[in-house]
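Step one of this worksheet: look at the structure below.
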Amino acid sequence: MHKKISIDVTLVSGARTGLLKKTLESFSERLFRHFSLETLYVNIDPFEGGTAEVDACQSICRDFFPTVVANKPDTPHFTKAVKWLWKQPVSEWSFHLEDDWVLARDVTYDDFANSLKSRVVQITLMTKEKNWGYRSAYHYEPSRFKILGKDLGKGLNKKRPIFTTSPSFVKREFAHRCAELMRDDLDPEKQLNALNPELNQYTARYRNHFIGKRREYVATDIGRAHREDVGLKKTVVEGNSVWTNKDE
């Protein structure tokens with residue numbers, strides 16, 4: 001039997017009971033059972049639902065976790081949700097999740113332990129959206145190699161590590177400090193990697209290691225299909241994510 005470690009879980013959720021249940025069923029079966037679960041910290045925004053749906057989502061969370069601490073804001077705000085969540089963990093490592101992902105395979109303790117390299121503070125599940133065609137096990141900003149002005153092809157800028165709010169293990173101190181430095185007026189993922197100089201100066205000293213090889217999609221986003229079904233579109237306006245009806 002493999003060793004287990006204790007982790008907290010941080011979860012960004014809308015008032016979307018169907019998506020949330022699918023997500024928690026998948027991660028409970030294929031990831032959480034390989035670890036000892038401490039506290040679930042969940043932010044449930046009244047997004048795509050009202051008070052009844054928010055309360056129903058909290059009830060679903062209690063079906064999967066022994067201890068649940070819920071934040072239920074009056075209005076949705078993705079960045080504030082991430083900031084609140086990343087301030088909460090007590091365990092050395094937490095697992096960060098949103099309510100619209102499922103797993104394609106098991107993610108085990110060995111997957112986690114094998115990623116614990118120097119300066120690694122985030123361990124991210126490979127997804128199709130990362131469009132990762134490089135051999136590196138670390139997520140860096142894609143760039144071009146140039147010598148004396150001659151373009152030698154694509155490469156990676158190892159001075160600019162990339163971090164994410166997609167499914168990942170996050171080290172406590174890193175999460176806490178990022179939350180302190182995040183601005184409310186910018187999308188959390190976009191400012192982790194650009195737009196927020198003070199935050200970017202802090203994150204530049206660390207690394208993000210993948211679980212999954214290039215083009216091996218360990219986690220699948222089910223939120224995009226859901227948005228199509230309900231007629232929502234996501235756009236970025238002045239560095240922040242905005243959801244609107246497709247016909248607007």
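For the structure tokens, the naming scheme is as follows: chains receive sequential letters (A, B, ...) according to their order of presentation, residues are indexed from 1 within each chain, and ligands are indexed from 1 in presentation order.
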
Exercise for review: Would you please extract all strand (DSSP E or B) residues from range 32-226 of chain A, as assigned by DSSP on the backbone, and give them as an NGL selection string?
Suggested key: :A and (36-44 or 67-71 or 93-98 or 101-103 or 120-125 or 138 or 140-147 or 150-161 or 168-171 or 207-211 or 219-221)

Range 10-86 of chain A near range 187-197 of chain A within 10 Å: what's each residue's closest atom pair and its distance in Å to one decimal, counting only C-alpha atoms, ordered by chain then ascending residue number, as JSON lines?
```
{"residue": "A:His77", "atom": "CA", "partner": "A:Asp187", "partner_atom": "CA", "distance": 9.7}
{"residue": "A:Phe78", "atom": "CA", "partner": "A:Asp187", "partner_atom": "CA", "distance": 7.4}
{"residue": "A:Thr79", "atom": "CA", "partner": "A:Pro188", "partner_atom": "CA", "distance": 5.3}
{"residue": "A:Lys80", "atom": "CA", "partner": "A:Pro188", "partner_atom": "CA", "distance": 8.7}
{"residue": "A:Ala81", "atom": "CA", "partner": "A:Pro188", "partner_atom": "CA", "distance": 9.4}
{"residue": "A:Val82", "atom": "CA", "partner": "A:Pro188", "partner_atom": "CA", "distance": 7.1}
{"residue": "A:Lys83", "atom": "CA", "partner": "A:Pro188", "partner_atom": "CA", "distance": 8.1}
```

Please write the residues from the selection above to a file, keeping N, CA and C atoms, as a short mmCIF file (atom, residue, chain, number, x, y, z; two decimals), in the first residue's frame.
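The resulting file, part.cif, is shown below:
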```
data_model
loop_
_atom_site.label_atom_id
_atom_site.label_comp_id
_atom_site.auth_asym_id
_atom_site.auth_seq_id
_atom_site.Cartn_x
_atom_site.Cartn_y
_atom_site.Cartn_z
N HIS A 77 -17.46 36.49 -7.93
CA HIS A 77 -16.21 37.18 -8.26
C HIS A 77 -15.09 36.14 -8.22
N PHE A 78 -14.63 35.73 -9.40
CA PHE A 78 -13.67 34.64 -9.51
C PHE A 78 -12.37 34.94 -8.77
N THR A 79 -11.82 36.12 -8.96
CA THR A 79 -10.55 36.44 -8.32
C THR A 79 -10.68 36.45 -6.80
N LYS A 80 -11.73 37.05 -6.29
CA LYS A 80 -11.93 37.06 -4.84
C LYS A 80 -12.10 35.65 -4.30
N ALA A 81 -12.73 34.78 -5.09
CA ALA A 81 -12.90 33.38 -4.68
C ALA A 81 -11.53 32.72 -4.53
N VAL A 82 -10.67 32.86 -5.53
CA VAL A 82 -9.34 32.25 -5.47
C VAL A 82 -8.52 32.84 -4.33
N LYS A 83 -8.57 34.14 -4.16
CA LYS A 83 -7.82 34.78 -3.08
C LYS A 83 -8.25 34.24 -1.72
#
```

### Task
Figure out the distance between CA of Asn208 in chain A and CA of Pro142 in chain A, please, to one decimal in Å.
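One can read the CA of Pro142 in chain A to CA of Asn208 in chain A distance as 14.1 Å.
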
query = Can you tell me, as a PyMOL selection string, what residues are no more than 8 Å from Lys171 in chain A when counting only C-alpha atoms, ignoring any on the same chain fewer than 3 positions away?
reply = chain A and resi 92-94+121-122+174-175

Could the residues in this selection be saved with N, CA, C and O atoms as a short mmCIF file (atom, residue, chain, number, x, y, z; two decimals), in the first residue's frame?
```cif
data_model
loop_
_atom_site.label_atom_id
_atom_site.label_comp_id
_atom_site.auth_asym_id
_atom_site.auth_seq_id
_atom_site.Cartn_x
_atom_site.Cartn_y
_atom_site.Cartn_z
N GLU A 92 0.52 21.29 4.54
CA GLU A 92 1.66 21.78 3.75
C GLU A 92 1.32 21.87 2.27
O GLU A 92 1.73 22.78 1.57
N TRP A 93 0.52 20.90 1.79
CA TRP A 93 0.07 20.92 0.40
C TRP A 93 -1.46 20.84 0.38
O TRP A 93 -2.07 20.16 1.19
N SER A 94 -2.04 21.56 -0.57
CA SER A 94 -3.48 21.46 -0.82
C SER A 94 -3.67 21.08 -2.28
O SER A 94 -2.75 21.16 -3.09
N VAL A 121 6.58 24.43 -6.33
CA VAL A 121 5.55 24.85 -5.38
C VAL A 121 4.15 24.58 -5.92
O VAL A 121 3.16 24.78 -5.21
N GLN A 122 4.08 24.16 -7.17
CA GLN A 122 2.79 23.76 -7.76
C GLN A 122 3.04 22.54 -8.64
O GLN A 122 4.07 22.45 -9.32
N PHE A 174 3.26 29.21 -0.74
CA PHE A 174 3.13 29.83 -2.06
C PHE A 174 1.71 30.34 -2.27
O PHE A 174 1.50 31.47 -2.71
N ALA A 175 0.73 29.51 -1.94
CA ALA A 175 -0.67 29.92 -2.10
C ALA A 175 -0.99 31.14 -1.25
O ALA A 175 -1.63 32.10 -1.72
#
```

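Proximity ranking of A:Cys61, A:Arg214, A:Arg183, A:Gly223 relative to Arg135 in chain A places A:Arg214 first, based on only C-alpha atoms.
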